[in-house]
Amino acid sequence: MKVYFDAVSTTAVNPEVLETYKKLLDEYYCNSDALYDDGVAIYDMQEKSRNLIAKMLGVRKDEIIFTSGASEANSLAIKGLCFAHPERKHLITSIYEHSSVHNSFRQLEEDFGYKVTYLMPDEDGHITADMVAKALRSDTLLVSIMQVNNEIGAINDVEGIARIVKKHPGTYFHTDITQGLGKVDIDLKDVDMASFSAHKIHGLKGSGALVKKQFVELLPLISGGQQEFSLRGGTSNALANTVLAKTMRIAMENKEKYHDQLKALHDHLYEGLSRIATVNYAKGLDTLMNISTPIPSEVLLNALNDKGIMVSSKSTCGSKKNEENRTLKALGLDEDHAIRISFDYTNTMEEADYFLTQLKEILDKYA
Ligand code: PMP
């Protein structure tokens with residue numbers, strides 16, 4: 001049996017999305033900026049998708065910038081804003097952001113002379129509006145705090161943080177909603193920028209977007225032509241951009257449709273895991289669990305892999321680097337013995353049972 005319990009890392013493409021994408025690829029190959037009819041047809045499809053995405057998120061059509069995913073959207077939001085506003089040199093973020101956010105801040109700090117405040121989560125794993133309020137300075141340009149953490153599933157009140165930042169003149173608020181999209185609702189009213197990715201919600205890899213409110217000025221990181229309001233050069237990935245609206249619509253519909261099934265799966269796994277391991281964090285996303293066992297994570301990962309079970313020990317983007325795990329360290333957890341289990345509506349109770357049985361066998365063998 002093969003069990004994929006790594007939905008936070010990526011997801012399989014939804015069959016409906018795949019079908020549409022394949023049909024489009026078969027039929028359309030022209031450049032979406034070409035002026036002849038076939039080019040215009042592709043452009044129109046992309047723009048229809050932009051419009052639908054904007055409606056789903058409650059923003060304007062020209063506030064959606066298509067990107068290659070959340071890493072690019074995060075980099076564009078953070079560095080693009082700093083490059084457009086060189087007069088303010090203080091930035092605020094959390095210590096447990098995704099590497100695309102964290103390393104953008106590190107680069108600004110180390111290579112461009114910015115001062116960065118890295119907020120530590122409280123004992124519940126949250127970054128709060130109060131922490132942000134205390135860290136704000138007269139020269140703070142940007143606050144970037146993720147909506148849902150990708151390693152423990154902590155859900156932050158980013159709407160509350162956005163309201164605090166809104167009252168602070170000259171400071172912008174960005175949030176990485178990659179792990180929250182389609183799972184945790186968000187009102188983007190006071191949010192200036194938000195990043196997300198298609199492949200976390202059963203869409204295509206290499207597809208995502210940055211929501212950027214109209215009044216926010218950015219400098220492009222990819223210089224080029226008129227694409228994406230001149231903020232992101234390069235021939236548009238127009239067919240991927242076209243199916244992003246469908247991907248999001250299906251994800252939002254499935255949120256309600258599979259709510260009870262996912263809750264049952266969560267409760268079953270939680271109960272089973274609590275009996276044989278330590279569940280490190282149970283206050284966040286229902287579809288993510290971080291556990292600790294006496295077995296070193298790498299050994300456990302391999303043992304599970306031998307049984308056809310796919311889980312992670314940390315964020316996949318840093319899985320081959322020997323860097324410390326910022327999230328677990330901040331929460332005082334032992335990263336060498338922790339693994340992350342994440343699932344979605346494609347997983348079943350049978351898979352959960354198989355996983356629990358195999359895990360118990362491995363633990364018993366190593367005890
Ligand atoms: N932010 C978060 C919270 C993520 O979990 C990920 C994916 N690991 C990303 C950003 C990067 O997304 P992408 O793969 O689309 O660049």
# chains A, B, ... in the order shown; residues from 1 in each chain; ligands from 1
$ residues_near_ligand --ligand "ligand 1" --cutoff "6 Å" --atoms "only C-alpha atoms and all ligand atoms" --output "MDAnalysis selection string"
chainID A and resid 9 69:71 98 150 176 178:179 197 317
$ select_by_dssp --residues "region 195-357 of chain A" --states "helix (DSSP H, G or I)" --output "PyMOL selection string"
chain A and resi 199-201+227-230+238-257+259-276+297-306+316-318+326-330+335-337+349-357
$ closest_atom_pairs --of "region 113-148 of chain A" --to "region 326-349 of chain A" --cutoff "12 Å" --atoms "only C-alpha atoms" --output "JSON lines"
{"residue": "A:Tyr118", "atom": "CA", "partner": "A:Ala330", "partner_atom": "CA", "distance": 11.0}
{"residue": "A:Leu119", "atom": "CA", "partner": "A:Ala330", "partner_atom": "CA", "distance": 9.8}
{"residue": "A:Met120", "atom": "CA", "partner": "A:Ala330", "partner_atom": "CA", "distance": 6.5}
{"residue": "A:Pro121", "atom": "CA", "partner": "A:Ala330", "partner_atom": "CA", "distance": 6.9}
{"residue": "A:Asp122", "atom": "CA", "partner": "A:Leu331", "partner_atom": "CA", "distance": 7.9}
{"residue": "A:Glu123", "atom": "CA", "partner": "A:Leu331", "partner_atom": "CA", "distance": 6.7}
{"residue": "A:Asp124", "atom": "CA", "partner": "A:Leu331", "partner_atom": "CA", "distance": 8.5}
{"residue": "A:Gly125", "atom": "CA", "partner": "A:Leu331", "partner_atom": "CA", "distance": 6.8}
{"residue": "A:His126", "atom": "CA", "partner": "A:Leu331", "partner_atom": "CA", "distance": 10.0}
{"residue": "A:Ile127", "atom": "CA", "partner": "A:Ala330", "partner_atom": "CA", "distance": 11.5}
$ closest_residue --among "A:Val59, A:Lys2, A:Ser104, A:Asp157" --to "Asp306 (chain A)" --atoms "only C-alpha atoms"
A:Lys2
$ closest_residue --among "A:Ile161, A:Thr10, A:Asn305, A:Leu76" --to "Ser223 (chain A)" --atoms "only C-alpha atoms"
A:Leu76
$ residues_around --residues "Leu136 (chain A)" --least-positions-apart "5" --cutoff "10 Å" --atoms "only C-alpha atoms" --output "number ranges by chain"
A: 90-92, 117, 131, 141-143, 164-165, 168, 171
$ select_by_dssp --residues "region 140-213 of chain A" --states "strand (DSSP E or B)" --output "VMD selection string"
chain A and resid 140 to 144 148 155 172 to 176 193 to 197 208 to 212
$ write_last_selection --atoms "N, CA, C and O atoms" --output "compact mmCIF listing (two decimals), in the first residue's frame"
# COMPACT_ATOMS: atom_id res chain seq x y z
N THR A 140 9.43 51.60 10.09
CA THR A 140 9.08 50.24 9.63
C THR A 140 8.37 50.32 8.28
O THR A 140 7.35 51.00 8.15
N LEU A 141 8.92 49.63 7.31
CA LEU A 141 8.31 49.63 5.98
C LEU A 141 7.33 48.46 5.81
O LEU A 141 6.26 48.62 5.22
N LEU A 142 7.71 47.31 6.33
CA LEU A 142 6.93 46.10 6.03
C LEU A 142 6.83 45.17 7.23
O LEU A 142 7.81 44.96 7.95
N VAL A 143 5.63 44.59 7.38
CA VAL A 143 5.42 43.49 8.33
C VAL A 143 4.96 42.30 7.49
O VAL A 143 4.03 42.42 6.69
N SER A 144 5.63 41.17 7.63
CA SER A 144 5.23 39.97 6.89
C SER A 144 5.07 38.81 7.86
O SER A 144 6.05 38.34 8.45
N VAL A 148 -0.82 30.59 7.98
CA VAL A 148 -0.76 29.25 8.58
C VAL A 148 0.66 28.72 8.43
O VAL A 148 1.20 28.70 7.32
N ILE A 155 -2.30 28.70 13.27
CA ILE A 155 -3.08 29.65 12.47
C ILE A 155 -3.00 31.02 13.14
O ILE A 155 -3.41 31.17 14.30
N TYR A 172 3.48 48.62 5.47
CA TYR A 172 2.62 47.71 4.69
C TYR A 172 2.58 46.34 5.35
O TYR A 172 3.52 45.96 6.05
N PHE A 173 1.49 45.62 5.06
CA PHE A 173 1.37 44.26 5.62
C PHE A 173 1.25 43.22 4.52
O PHE A 173 0.40 43.31 3.65
N HIS A 174 2.15 42.25 4.58
CA HIS A 174 2.13 41.11 3.64
C HIS A 174 1.91 39.83 4.43
O HIS A 174 2.44 39.67 5.53
N THR A 175 1.13 38.92 3.84
CA THR A 175 0.97 37.61 4.47
C THR A 175 1.08 36.49 3.44
O THR A 175 0.59 36.61 2.32
N ASP A 176 1.74 35.42 3.85
CA ASP A 176 1.88 34.24 3.02
C ASP A 176 0.69 33.34 3.36
O ASP A 176 0.61 32.79 4.46
N MET A 193 -0.70 42.87 0.81
CA MET A 193 -0.21 41.87 -0.14
C MET A 193 -0.37 40.47 0.44
O MET A 193 -0.20 40.28 1.65
N ALA A 194 -0.66 39.50 -0.43
CA ALA A 194 -0.80 38.11 0.00
C ALA A 194 -0.30 37.19 -1.11
O ALA A 194 -0.55 37.44 -2.29
N SER A 195 0.43 36.15 -0.70
CA SER A 195 1.02 35.22 -1.69
C SER A 195 0.40 33.84 -1.59
O SER A 195 0.10 33.39 -0.48
N PHE A 196 0.27 33.17 -2.72
CA PHE A 196 -0.18 31.78 -2.67
C PHE A 196 0.26 30.99 -3.90
O PHE A 196 0.76 31.55 -4.87
N SER A 197 0.03 29.67 -3.80
CA SER A 197 0.55 28.75 -4.79
C SER A 197 -0.54 27.76 -5.21
O SER A 197 -1.34 27.35 -4.37
N GLY A 208 1.02 30.35 -9.42
CA GLY A 208 0.59 30.99 -8.18
C GLY A 208 0.33 32.45 -8.43
O GLY A 208 0.26 32.88 -9.59
N ALA A 209 0.20 33.20 -7.37
CA ALA A 209 -0.08 34.63 -7.56
C ALA A 209 0.28 35.43 -6.32
O ALA A 209 0.39 34.91 -5.22
N LEU A 210 0.46 36.73 -6.58
CA LEU A 210 0.59 37.70 -5.50
C LEU A 210 -0.60 38.63 -5.60
O LEU A 210 -0.90 39.16 -6.67
N VAL A 211 -1.31 38.78 -4.48
CA VAL A 211 -2.34 39.82 -4.41
C VAL A 211 -1.62 41.08 -3.96
O VAL A 211 -0.94 41.07 -2.94
N LYS A 212 -1.74 42.13 -4.72
CA LYS A 212 -1.08 43.40 -4.38
C LYS A 212 -2.09 44.51 -4.56
O LYS A 212 -2.58 44.74 -5.66
$ residues_around --residues "Thr242 (chain A)" --least-positions-apart "4" --cutoff "6 Å" --atoms "only C-alpha atoms" --output "NGL selection string"
:A and (45-46 or 49 or 238)
$ residues_around --residues "Lys257 (chain A)" --least-positions-apart "6" --cutoff "12 Å" --atoms "only C-alpha atoms" --output "ChimeraX atom specification"
/A:182-183,250-251,263,344-345
$ closest_residue --among "A:His268, A:His259, A:Lys115, A:Lys89" --to "Phe355 (chain A)" --atoms "only C-alpha atoms"
A:His268
$ closest_residue --among "A:Asp187, A:Glu110, A:Asp286, A:Glu350" --to "Met56 (chain A)" --atoms "only C-alpha atoms"
A:Asp187
$ closest_residue --among "A:Glu159, A:Asp364, A:Glu271, A:Glu228" --to "Ile295 (chain A)" --atoms "only C-alpha atoms"
A:Asp364
$ closest_residue --among "A:Asp38, A:Leu244, A:Leu25, A:Met1" --to "Ala54 (chain A)" --atoms "only C-alpha atoms"
A:Leu244
$ residues_around --residues "Tyr28 (chain A)" --least-positions-apart "5" --cutoff "10 Å" --atoms "only C-alpha atoms" --output "count of residues only"
7
$ residues_around --residues "Arg232 (chain A)" --least-positions-apart "3" --cutoff "9 Å" --atoms "only C-alpha atoms" --output "PDB file with all heavy atoms, in the first residue's frame"
ATOM      1  N   ILE A  65      -1.434  39.417  -9.461  1.00  0.00           N
ATOM      2  CA  ILE A  65      -0.246  39.285 -10.316  1.00  0.00           C
ATOM      3  C   ILE A  65       0.103  37.804 -10.375  1.00  0.00           C
ATOM      4  O   ILE A  65       0.426  37.193  -9.341  1.00  0.00           O
ATOM      5  CB  ILE A  65       0.952  40.057  -9.716  1.00  0.00           C
ATOM      6  CG1 ILE A  65       0.593  41.537  -9.544  1.00  0.00           C
ATOM      7  CG2 ILE A  65       2.190  39.925 -10.595  1.00  0.00           C
ATOM      8  CD1 ILE A  65       1.566  42.272  -8.652  1.00  0.00           C
ATOM      9  N   PHE A  66       0.013  37.218 -11.560  1.00  0.00           N
ATOM     10  CA  PHE A  66       0.359  35.798 -11.681  1.00  0.00           C
ATOM     11  C   PHE A  66       1.872  35.630 -11.539  1.00  0.00           C
ATOM     12  O   PHE A  66       2.650  36.427 -12.084  1.00  0.00           O
ATOM     13  CB  PHE A  66      -0.087  35.257 -13.043  1.00  0.00           C
ATOM     14  CG  PHE A  66      -1.580  35.103 -13.167  1.00  0.00           C
ATOM     15  CD1 PHE A  66      -2.294  35.817 -14.127  1.00  0.00           C
ATOM     16  CD2 PHE A  66      -2.274  34.236 -12.332  1.00  0.00           C
ATOM     17  CE1 PHE A  66      -3.674  35.677 -14.248  1.00  0.00           C
ATOM     18  CE2 PHE A  66      -3.661  34.085 -12.447  1.00  0.00           C
ATOM     19  CZ  PHE A  66      -4.358  34.805 -13.412  1.00  0.00           C
ATOM     20  N   THR A  67       2.264  34.577 -10.815  1.00  0.00           N
ATOM     21  CA  THR A  67       3.692  34.277 -10.625  1.00  0.00           C
ATOM     22  C   THR A  67       3.916  32.774 -10.827  1.00  0.00           C
ATOM     23  O   THR A  67       2.969  32.039 -11.100  1.00  0.00           O
ATOM     24  CB  THR A  67       4.155  34.629  -9.189  1.00  0.00           C
ATOM     25  OG1 THR A  67       3.469  33.757  -8.266  1.00  0.00           O
ATOM     26  CG2 THR A  67       3.862  36.080  -8.836  1.00  0.00           C
ATOM     27  N   LEU A  76       8.842  38.748  -4.525  1.00  0.00           N
ATOM     28  CA  LEU A  76       8.413  39.990  -5.191  1.00  0.00           C
ATOM     29  C   LEU A  76       7.787  40.959  -4.191  1.00  0.00           C
ATOM     30  O   LEU A  76       8.077  42.161  -4.203  1.00  0.00           O
ATOM     31  CB  LEU A  76       7.421  39.655  -6.318  1.00  0.00           C
ATOM     32  CG  LEU A  76       6.771  40.836  -7.031  1.00  0.00           C
ATOM     33  CD1 LEU A  76       7.819  41.750  -7.687  1.00  0.00           C
ATOM     34  CD2 LEU A  76       5.780  40.357  -8.105  1.00  0.00           C
ATOM     35  N   PRO A 220       9.860  45.625 -10.043  1.00  0.00           N
ATOM     36  CA  PRO A 220       9.895  44.220 -10.488  1.00  0.00           C
ATOM     37  C   PRO A 220      11.217  43.547 -10.139  1.00  0.00           C
ATOM     38  O   PRO A 220      12.249  44.216 -10.103  1.00  0.00           O
ATOM     39  CB  PRO A 220       9.728  44.328 -12.014  1.00  0.00           C
ATOM     40  CG  PRO A 220      10.149  45.707 -12.361  1.00  0.00           C
ATOM     41  CD  PRO A 220       9.885  46.563 -11.159  1.00  0.00           C
ATOM     42  N   LEU A 221      11.174  42.232  -9.891  1.00  0.00           N
ATOM     43  CA  LEU A 221      12.414  41.475  -9.707  1.00  0.00           C
ATOM     44  C   LEU A 221      12.837  40.852 -11.027  1.00  0.00           C
ATOM     45  O   LEU A 221      14.008  40.627 -11.271  1.00  0.00           O
ATOM     46  CB  LEU A 221      12.231  40.375  -8.659  1.00  0.00           C
ATOM     47  CG  LEU A 221      11.798  40.806  -7.251  1.00  0.00           C
ATOM     48  CD1 LEU A 221      11.859  39.624  -6.299  1.00  0.00           C
ATOM     49  CD2 LEU A 221      12.649  41.946  -6.727  1.00  0.00           C
ATOM     50  N   ILE A 222      11.849  40.547 -11.872  1.00  0.00           N
ATOM     51  CA  ILE A 222      12.152  39.994 -13.200  1.00  0.00           C
ATOM     52  C   ILE A 222      11.849  41.102 -14.206  1.00  0.00           C
ATOM     53  O   ILE A 222      10.677  41.432 -14.457  1.00  0.00           O
ATOM     54  CB  ILE A 222      11.313  38.736 -13.508  1.00  0.00           C
ATOM     55  CG1 ILE A 222      11.533  37.667 -12.425  1.00  0.00           C
ATOM     56  CG2 ILE A 222      11.660  38.188 -14.896  1.00  0.00           C
ATOM     57  CD1 ILE A 222      10.645  36.441 -12.562  1.00  0.00           C
ATOM     58  N   SER A 223      12.905  41.699 -14.734  1.00  0.00           N
ATOM     59  CA  SER A 223      12.697  42.778 -15.702  1.00  0.00           C
ATOM     60  C   SER A 223      12.265  42.185 -17.028  1.00  0.00           C
ATOM     61  O   SER A 223      12.695  41.093 -17.397  1.00  0.00           O
ATOM     62  CB  SER A 223      13.997  43.561 -15.890  1.00  0.00           C
ATOM     63  OG  SER A 223      14.430  44.052 -14.637  1.00  0.00           O
ATOM     64  N   GLY A 224      11.406  42.885 -17.713  1.00  0.00           N
ATOM     65  CA  GLY A 224      10.930  42.350 -18.992  1.00  0.00           C
ATOM     66  C   GLY A 224       9.914  43.268 -19.614  1.00  0.00           C
ATOM     67  O   GLY A 224      10.027  44.503 -19.497  1.00  0.00           O
ATOM     68  N   GLY A 225       8.918  42.677 -20.227  1.00  0.00           N
ATOM     69  CA  GLY A 225       7.938  43.458 -20.982  1.00  0.00           C
ATOM     70  C   GLY A 225       6.735  43.881 -20.160  1.00  0.00           C
ATOM     71  O   GLY A 225       6.817  44.074 -18.946  1.00  0.00           O
ATOM     72  N   GLN A 226       5.614  43.971 -20.863  1.00  0.00           N
ATOM     73  CA  GLN A 226       4.399  44.538 -20.256  1.00  0.00           C
ATOM     74  C   GLN A 226       3.609  43.544 -19.387  1.00  0.00           C
ATOM     75  O   GLN A 226       2.626  43.921 -18.749  1.00  0.00           O
ATOM     76  CB  GLN A 226       3.487  45.015 -21.384  1.00  0.00           C
ATOM     77  CG  GLN A 226       2.950  43.858 -22.226  1.00  0.00           C
ATOM     78  CD  GLN A 226       2.652  44.236 -23.664  1.00  0.00           C
ATOM     79  OE1 GLN A 226       2.707  45.387 -24.024  1.00  0.00           O
ATOM     80  NE2 GLN A 226       2.339  43.255 -24.482  1.00  0.00           N
ATOM     81  N   GLN A 227       4.093  42.269 -19.369  1.00  0.00           N
ATOM     82  CA  GLN A 227       3.293  41.243 -18.684  1.00  0.00           C
ATOM     83  C   GLN A 227       3.115  41.584 -17.198  1.00  0.00           C
ATOM     84  O   GLN A 227       3.984  42.148 -16.568  1.00  0.00           O
ATOM     85  CB  GLN A 227       3.982  39.866 -18.786  1.00  0.00           C
ATOM     86  CG  GLN A 227       4.207  39.384 -20.203  1.00  0.00           C
ATOM     87  CD  GLN A 227       5.561  39.803 -20.753  1.00  0.00           C
ATOM     88  OE1 GLN A 227       6.317  40.512 -20.114  1.00  0.00           O
ATOM     89  NE2 GLN A 227       5.849  39.372 -21.982  1.00  0.00           N
ATOM     90  N   GLU A 228       1.984  41.185 -16.685  1.00  0.00           N
ATOM     91  CA  GLU A 228       1.671  41.359 -15.246  1.00  0.00           C
ATOM     92  C   GLU A 228       1.938  42.796 -14.797  1.00  0.00           C
ATOM     93  O   GLU A 228       2.644  43.047 -13.813  1.00  0.00           O
ATOM     94  CB  GLU A 228       2.439  40.341 -14.390  1.00  0.00           C
ATOM     95  CG  GLU A 228       2.124  38.889 -14.734  1.00  0.00           C
ATOM     96  CD  GLU A 228       0.624  38.583 -14.722  1.00  0.00           C
ATOM     97  OE1 GLU A 228      -0.040  38.919 -13.732  1.00  0.00           O
ATOM     98  OE2 GLU A 228       0.121  38.032 -15.729  1.00  0.00           O
ATOM     99  N   PHE A 229       1.365  43.726 -15.544  1.00  0.00           N
ATOM    100  CA  PHE A 229       1.437  45.162 -15.213  1.00  0.00           C
ATOM    101  C   PHE A 229       2.896  45.632 -15.115  1.00  0.00           C
ATOM    102  O   PHE A 229       3.250  46.476 -14.291  1.00  0.00           O
ATOM    103  CB  PHE A 229       0.683  45.461 -13.900  1.00  0.00           C
ATOM    104  CG  PHE A 229      -0.642  44.747 -13.808  1.00  0.00           C
ATOM    105  CD1 PHE A 229      -0.788  43.601 -13.040  1.00  0.00           C
ATOM    106  CD2 PHE A 229      -1.738  45.206 -14.522  1.00  0.00           C
ATOM    107  CE1 PHE A 229      -1.995  42.915 -12.981  1.00  0.00           C
ATOM    108  CE2 PHE A 229      -2.960  44.536 -14.458  1.00  0.00           C
ATOM    109  CZ  PHE A 229      -3.083  43.396 -13.695  1.00  0.00           C
TER     110      PHE A 229
END
